[in-house]
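**Student:** Below you will find the structure I want to go over with you.
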Amino acid sequence: MVRVTKVDLSPRPVEAMSPRQLERRGSLLSAALALVTEIGVERLQMKQVSERSGVALGTAYRYFSSKDHLLAAAIADWHRLLLADLVGEVGAGRSASPTERAVRFVRRGMRAYQRQPELARLRVAVATSTDPFASEALQGLARADRAALGAVIPEVPPASGELVRHMVGHAWQGELTAWVTGRTTLDDARTRLEEMVRLVLTPYESPPLPA
């Protein structure tokens, strides 16, 4: 009987990549985001990303298992940079209440996606992917959301903080999806999101000091 050796076709983990491999990966991600903004998610093909990035198509599949995996990783990387900017902008305003800081956080986040509508469509499109590596990238995005929000509202007790951050993250994704799919206007989506944030965080406000 001939024994068939099973070949592992999983993409290489980021933490195991050399500097040169990380550079190639970054080129693929940058090319994917540029093409999404130019031609949209639906028309993008891996071959186009390969040609734009200068990375051979076969090599590209060593980094990303599918188009969905590539696009999920690309929006996750972009979103992490956005979160870093938001934390830098909002987290510095400690004189504001936790609720107002969180409201500013999601408001500015929605504005960023308003300025990049194709990236908003990309985030919504990849959310339904069944590719396990795409799902892993999106789980990382959700964790980054929760960590960033935790940095903005550290006053929320640890016992309830995880749930609060989870609720805000899901509300943000839900309103972004409603806007992208045409079920609501951007203004209505933003208003609902901010009202939800206030509703969730108001119980954690410090009571006013007695006069």
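Chain lettering (A, B, ...) mirrors the order of the structure tokens, residue numbering begins at 1 for each chain separately, and ligand numbering begins at 1 in order of display.
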Show me, as number ranges by chain, the residues that have an atom within 10 Å of Ala112 in chain A when counting only C-alpha atoms, minus same-chain residues fewer than 5 positions from it.
**Tutor:** A: 79, 82, 86, 106-107, 117, 119-120
**Student:** Could you pull out the alpha helix (DSSP H) residues of range 153-193 of chain A from DSSP and send them as a PyMOL selection string?
**Tutor:** chain A and resi 158-180+186-193
**Student:** The selected residues should be written to file as an mmCIF file, in the first residue's frame (atoms: C-alpha atoms).
**Tutor:**
```cif
data_model
loop_
_atom_site.group_PDB
_atom_site.id
_atom_site.type_symbol
_atom_site.label_atom_id
_atom_site.label_comp_id
_atom_site.auth_asym_id
_atom_site.auth_seq_id
_atom_site.Cartn_x
_atom_site.Cartn_y
_atom_site.Cartn_z
ATOM 1 C CA PRO A 158 -13.476 44.336 34.973
ATOM 2 C CA ALA A 159 -16.451 42.179 35.996
ATOM 3 C CA SER A 160 -18.717 43.936 33.488
ATOM 4 C CA GLY A 161 -16.168 45.589 31.199
ATOM 5 C CA GLU A 162 -15.840 42.653 28.808
ATOM 6 C CA LEU A 163 -19.612 42.527 28.254
ATOM 7 C CA VAL A 164 -19.850 46.295 27.811
ATOM 8 C CA ARG A 165 -17.069 46.319 25.221
ATOM 9 C CA HIS A 166 -18.627 43.327 23.465
ATOM 10 C CA MET A 167 -21.992 45.104 23.236
ATOM 11 C CA VAL A 168 -20.498 48.317 21.878
ATOM 12 C CA GLY A 169 -18.428 46.425 19.298
ATOM 13 C CA HIS A 170 -21.432 44.460 18.060
ATOM 14 C CA ALA A 171 -23.580 47.586 17.915
ATOM 15 C CA TRP A 172 -20.920 49.338 15.831
ATOM 16 C CA GLN A 173 -20.753 46.406 13.405
ATOM 17 C CA GLY A 174 -24.554 46.211 13.263
ATOM 18 C CA GLU A 175 -25.071 49.884 12.460
ATOM 19 C CA LEU A 176 -22.241 49.834 9.926
ATOM 20 C CA THR A 177 -23.934 46.876 8.243
ATOM 21 C CA ALA A 178 -27.340 48.582 8.262
ATOM 22 C CA TRP A 179 -25.856 51.661 6.593
ATOM 23 C CA VAL A 180 -23.800 49.762 3.992
ATOM 24 C CA LEU A 186 -25.650 57.107 8.062
ATOM 25 C CA ASP A 187 -27.076 59.788 10.366
ATOM 26 C CA ASP A 188 -29.670 57.396 11.802
ATOM 27 C CA ALA A 189 -27.070 54.647 12.233
ATOM 28 C CA ARG A 190 -24.728 57.022 14.032
ATOM 29 C CA THR A 191 -27.512 58.355 16.262
ATOM 30 C CA ARG A 192 -28.653 54.874 17.302
ATOM 31 C CA LEU A 193 -25.087 53.784 17.992
#
```
**Student:** For Phe133 in chain A, which residue out of A:Thr59, A:Ser66, A:Ser50, A:Ser27 is the nearest one, using only C-alpha atoms?
**Tutor:** A:Ser66
**Student:** Show me, as an mmCIF file with all heavy atoms, in the first residue's frame, the residues that have an atom within 12 Å of Leu141 in chain A when counting only C-alpha atoms, minus same-chain residues fewer than 4 positions from it.
**Tutor:**
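And here's selection_29.cif as it stands now:
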```
data_model
loop_
_atom_site.group_PDB
_atom_site.id
_atom_site.type_symbol
_atom_site.label_atom_id
_atom_site.label_comp_id
_atom_site.auth_asym_id
_atom_site.auth_seq_id
_atom_site.Cartn_x
_atom_site.Cartn_y
_atom_site.Cartn_z
ATOM 1 N N ALA A 72 -10.084 39.929 4.645
ATOM 2 C CA ALA A 72 -10.329 40.035 6.088
ATOM 3 C C ALA A 72 -9.084 40.544 6.807
ATOM 4 O O ALA A 72 -9.165 41.394 7.704
ATOM 5 C CB ALA A 72 -10.765 38.686 6.654
ATOM 6 N N ALA A 73 -7.921 40.026 6.414
ATOM 7 C CA ALA A 73 -6.678 40.484 7.026
ATOM 8 C C ALA A 73 -6.406 41.942 6.688
ATOM 9 O O ALA A 73 -5.911 42.710 7.524
ATOM 10 C CB ALA A 73 -5.516 39.604 6.556
ATOM 11 N N ALA A 74 -6.746 42.341 5.463
ATOM 12 C CA ALA A 74 -6.500 43.722 5.040
ATOM 13 C C ALA A 74 -7.367 44.704 5.835
ATOM 14 O O ALA A 74 -6.868 45.722 6.331
ATOM 15 C CB ALA A 74 -6.784 43.860 3.547
ATOM 16 N N ILE A 75 -8.654 44.408 5.980
ATOM 17 C CA ILE A 75 -9.513 45.334 6.721
ATOM 18 C C ILE A 75 -9.186 45.298 8.208
ATOM 19 O O ILE A 75 -9.283 46.317 8.902
ATOM 20 C CB ILE A 75 -11.018 45.042 6.467
ATOM 21 C CG1 ILE A 75 -11.889 46.190 6.991
ATOM 22 C CG2 ILE A 75 -11.451 43.725 7.069
ATOM 23 C CD1 ILE A 75 -11.607 47.542 6.354
ATOM 24 N N ALA A 76 -8.764 44.148 8.708
ATOM 25 C CA ALA A 76 -8.375 44.072 10.120
ATOM 26 C C ALA A 76 -7.146 44.936 10.392
ATOM 27 O O ALA A 76 -7.095 45.647 11.407
ATOM 28 C CB ALA A 76 -8.095 42.619 10.510
ATOM 29 N N ASP A 77 -6.167 44.912 9.498
ATOM 30 C CA ASP A 77 -4.975 45.741 9.671
ATOM 31 C C ASP A 77 -5.334 47.220 9.590
ATOM 32 O O ASP A 77 -4.858 48.033 10.386
ATOM 33 C CB ASP A 77 -3.932 45.396 8.604
ATOM 34 C CG ASP A 77 -3.011 44.269 9.033
ATOM 35 O OD1 ASP A 77 -3.405 43.484 9.921
ATOM 36 O OD2 ASP A 77 -1.902 44.172 8.476
ATOM 37 N N TRP A 78 -6.152 47.592 8.614
ATOM 38 C CA TRP A 78 -6.570 48.996 8.477
ATOM 39 C C TRP A 78 -7.337 49.450 9.710
ATOM 40 O O TRP A 78 -7.128 50.550 10.226
ATOM 41 C CB TRP A 78 -7.430 49.162 7.227
ATOM 42 C CG TRP A 78 -7.857 50.580 6.982
ATOM 43 C CD1 TRP A 78 -7.141 51.541 6.320
ATOM 44 C CD2 TRP A 78 -9.079 51.206 7.417
ATOM 45 N NE1 TRP A 78 -7.848 52.724 6.314
ATOM 46 C CE2 TRP A 78 -9.034 52.548 6.978
ATOM 47 C CE3 TRP A 78 -10.192 50.768 8.132
ATOM 48 C CZ2 TRP A 78 -10.069 53.446 7.224
ATOM 49 C CZ3 TRP A 78 -11.220 51.662 8.392
ATOM 50 C CH2 TRP A 78 -11.167 52.984 7.939
ATOM 51 N N HIS A 79 -8.223 48.582 10.189
ATOM 52 C CA HIS A 79 -9.048 48.931 11.341
ATOM 53 C C HIS A 79 -8.185 49.095 12.598
ATOM 54 O O HIS A 79 -8.453 49.975 13.426
ATOM 55 C CB HIS A 79 -10.114 47.855 11.560
ATOM 56 C CG HIS A 79 -11.125 48.214 12.600
ATOM 57 N ND1 HIS A 79 -12.155 49.094 12.360
ATOM 58 C CD2 HIS A 79 -11.271 47.809 13.893
ATOM 59 C CE1 HIS A 79 -12.888 49.220 13.447
ATOM 60 N NE2 HIS A 79 -12.369 48.451 14.393
ATOM 61 N N ARG A 80 -7.143 48.292 12.745
ATOM 62 C CA ARG A 80 -6.254 48.431 13.907
ATOM 63 C C ARG A 80 -5.545 49.787 13.895
ATOM 64 O O ARG A 80 -5.363 50.406 14.950
ATOM 65 C CB ARG A 80 -5.225 47.303 13.933
ATOM 66 C CG ARG A 80 -5.796 45.960 14.364
ATOM 67 C CD ARG A 80 -4.683 44.941 14.615
ATOM 68 N NE ARG A 80 -5.260 43.613 14.789
ATOM 69 C CZ ARG A 80 -5.395 42.722 13.819
ATOM 70 N NH1 ARG A 80 -5.008 43.014 12.585
ATOM 71 N NH2 ARG A 80 -5.926 41.532 14.060
ATOM 72 N N LEU A 81 -5.142 50.241 12.711
ATOM 73 C CA LEU A 81 -4.533 51.566 12.620
ATOM 74 C C LEU A 81 -5.537 52.646 12.985
ATOM 75 O O LEU A 81 -5.199 53.625 13.669
ATOM 76 C CB LEU A 81 -3.992 51.802 11.196
ATOM 77 C CG LEU A 81 -2.829 50.916 10.762
ATOM 78 C CD1 LEU A 81 -2.477 51.184 9.301
ATOM 79 C CD2 LEU A 81 -1.612 51.152 11.648
ATOM 80 N N LEU A 82 -6.782 52.466 12.548
ATOM 81 C CA LEU A 82 -7.840 53.403 12.916
ATOM 82 C C LEU A 82 -8.027 53.431 14.425
ATOM 83 O O LEU A 82 -8.131 54.500 15.037
ATOM 84 C CB LEU A 82 -9.148 53.010 12.220
ATOM 85 C CG LEU A 82 -10.421 53.727 12.698
ATOM 86 C CD1 LEU A 82 -10.317 55.225 12.457
ATOM 87 C CD2 LEU A 82 -11.658 53.145 12.010
ATOM 88 N N LEU A 83 -8.068 52.263 15.043
ATOM 89 C CA LEU A 83 -8.260 52.196 16.496
ATOM 90 C C LEU A 83 -7.134 52.911 17.241
ATOM 91 O O LEU A 83 -7.385 53.609 18.231
ATOM 92 C CB LEU A 83 -8.328 50.733 16.945
ATOM 93 C CG LEU A 83 -9.551 49.936 16.504
ATOM 94 C CD1 LEU A 83 -9.410 48.479 16.920
ATOM 95 C CD2 LEU A 83 -10.838 50.523 17.071
ATOM 96 N N ARG A 123 -15.638 45.618 5.034
ATOM 97 C CA ARG A 123 -15.799 45.050 6.374
ATOM 98 C C ARG A 123 -17.098 44.268 6.484
ATOM 99 O O ARG A 123 -17.146 43.190 7.075
ATOM 100 C CB ARG A 123 -15.757 46.154 7.425
ATOM 101 C CG ARG A 123 -15.882 45.593 8.826
ATOM 102 C CD ARG A 123 -15.610 46.585 9.894
ATOM 103 N NE ARG A 123 -15.891 46.004 11.201
ATOM 104 C CZ ARG A 123 -15.779 46.645 12.349
ATOM 105 N NH1 ARG A 123 -15.351 47.892 12.361
ATOM 106 N NH2 ARG A 123 -16.064 46.046 13.481
ATOM 107 N N VAL A 126 -16.857 40.808 4.305
ATOM 108 C CA VAL A 126 -16.067 39.693 4.837
ATOM 109 C C VAL A 126 -16.660 39.126 6.128
ATOM 110 O O VAL A 126 -16.277 38.027 6.552
ATOM 111 C CB VAL A 126 -14.595 40.095 5.083
ATOM 112 C CG1 VAL A 126 -13.937 40.504 3.776
ATOM 113 C CG2 VAL A 126 -14.485 41.204 6.118
ATOM 114 N N ALA A 127 -17.599 39.846 6.733
ATOM 115 C CA ALA A 127 -18.169 39.400 8.011
ATOM 116 C C ALA A 127 -18.907 38.072 7.883
ATOM 117 O O ALA A 127 -19.061 37.347 8.868
ATOM 118 C CB ALA A 127 -19.105 40.464 8.574
ATOM 119 N N ALA A 134 -10.144 33.631 7.483
ATOM 120 C CA ALA A 134 -10.806 34.939 7.477
ATOM 121 C C ALA A 134 -11.501 35.161 8.814
ATOM 122 O O ALA A 134 -11.429 36.256 9.396
ATOM 123 C CB ALA A 134 -11.810 35.013 6.326
ATOM 124 N N SER A 135 -12.163 34.127 9.314
ATOM 125 C CA SER A 135 -12.830 34.229 10.613
ATOM 126 C C SER A 135 -11.836 34.543 11.721
ATOM 127 O O SER A 135 -12.111 35.348 12.619
ATOM 128 C CB SER A 135 -13.568 32.927 10.932
ATOM 129 O OG SER A 135 -14.575 32.669 9.984
ATOM 130 N N GLU A 136 -10.664 33.927 11.646
ATOM 131 C CA GLU A 136 -9.620 34.182 12.643
ATOM 132 C C GLU A 136 -9.170 35.641 12.603
ATOM 133 O O GLU A 136 -8.980 36.279 13.650
ATOM 134 C CB GLU A 136 -8.441 33.259 12.367
ATOM 135 C CG GLU A 136 -7.327 33.318 13.381
ATOM 136 C CD GLU A 136 -6.214 32.332 13.058
ATOM 137 O OE1 GLU A 136 -6.514 31.136 12.884
ATOM 138 O OE2 GLU A 136 -5.061 32.777 12.959
ATOM 139 N N ALA A 137 -9.021 36.194 11.392
ATOM 140 C CA ALA A 137 -8.631 37.596 11.249
ATOM 141 C C ALA A 137 -9.696 38.521 11.824
ATOM 142 O O ALA A 137 -9.391 39.521 12.491
ATOM 143 C CB ALA A 137 -8.381 37.924 9.782
ATOM 144 N N ASP A 145 -10.891 45.784 18.857
ATOM 145 C CA ASP A 145 -11.972 46.716 19.218
ATOM 146 C C ASP A 145 -12.138 46.795 20.728
ATOM 147 O O ASP A 145 -12.205 47.878 21.312
ATOM 148 C CB ASP A 145 -13.301 46.248 18.608
ATOM 149 C CG ASP A 145 -13.623 46.941 17.296
ATOM 150 O OD1 ASP A 145 -12.931 47.916 16.945
ATOM 151 O OD2 ASP A 145 -14.570 46.501 16.620
ATOM 152 N N ARG A 146 -12.232 45.628 21.358
ATOM 153 C CA ARG A 146 -12.475 45.589 22.801
ATOM 154 C C ARG A 146 -11.297 46.171 23.576
ATOM 155 O O ARG A 146 -11.487 46.891 24.571
ATOM 156 C CB ARG A 146 -12.767 44.152 23.245
ATOM 157 C CG ARG A 146 -14.075 43.593 22.669
ATOM 158 C CD ARG A 146 -14.512 42.326 23.359
ATOM 159 N NE ARG A 146 -13.611 41.216 23.115
ATOM 160 C CZ ARG A 146 -13.714 40.381 22.089
ATOM 161 N NH1 ARG A 146 -14.672 40.544 21.185
ATOM 162 N NH2 ARG A 146 -12.865 39.365 21.947
ATOM 163 N N ALA A 147 -10.078 45.885 23.112
ATOM 164 C CA ALA A 147 -8.903 46.423 23.793
ATOM 165 C C ALA A 147 -8.845 47.939 23.673
ATOM 166 O O ALA A 147 -8.528 48.645 24.648
ATOM 167 C CB ALA A 147 -7.634 45.801 23.213
ATOM 168 N N ALA A 148 -9.152 48.464 22.499
ATOM 169 C CA ALA A 148 -9.129 49.910 22.294
ATOM 170 C C ALA A 148 -10.193 50.601 23.140
ATOM 171 O O ALA A 148 -9.927 51.627 23.779
ATOM 172 C CB ALA A 148 -9.337 50.227 20.811
ATOM 173 N N GLY A 169 -19.013 46.908 20.540
ATOM 174 C CA GLY A 169 -18.428 46.425 19.298
ATOM 175 C C GLY A 169 -19.464 45.838 18.355
ATOM 176 O O GLY A 169 -19.446 46.104 17.145
ATOM 177 N N HIS A 170 -20.383 45.062 18.901
ATOM 178 C CA HIS A 170 -21.432 44.460 18.060
ATOM 179 C C HIS A 170 -22.405 45.520 17.553
ATOM 180 O O HIS A 170 -22.887 45.424 16.413
ATOM 181 C CB HIS A 170 -22.171 43.384 18.845
ATOM 182 C CG HIS A 170 -21.551 42.032 18.716
ATOM 183 N ND1 HIS A 170 -21.996 41.076 17.824
ATOM 184 C CD2 HIS A 170 -20.477 41.475 19.332
ATOM 185 C CE1 HIS A 170 -21.244 39.996 17.906
ATOM 186 N NE2 HIS A 170 -20.309 40.216 18.817
ATOM 187 N N GLN A 173 -20.686 47.245 14.600
ATOM 188 C CA GLN A 173 -20.753 46.406 13.405
ATOM 189 C C GLN A 173 -22.173 46.377 12.838
ATOM 190 O O GLN A 173 -22.376 46.443 11.618
ATOM 191 C CB GLN A 173 -20.298 44.984 13.735
ATOM 192 C CG GLN A 173 -20.424 43.982 12.582
ATOM 193 C CD GLN A 173 -19.404 44.210 11.478
ATOM 194 O OE1 GLN A 173 -18.278 44.615 11.747
ATOM 195 N NE2 GLN A 173 -19.796 43.962 10.238
#
```
**Student:** Please identify all polymer residues within 9 Å of Leu57 in chain A, counting only C-alpha atoms, omitting same-chain residues fewer than 5 positions from it, and present them as a list in words.
**Tutor:** Met46, Lys47, Val49, Ser50 and Glu51 of chain A
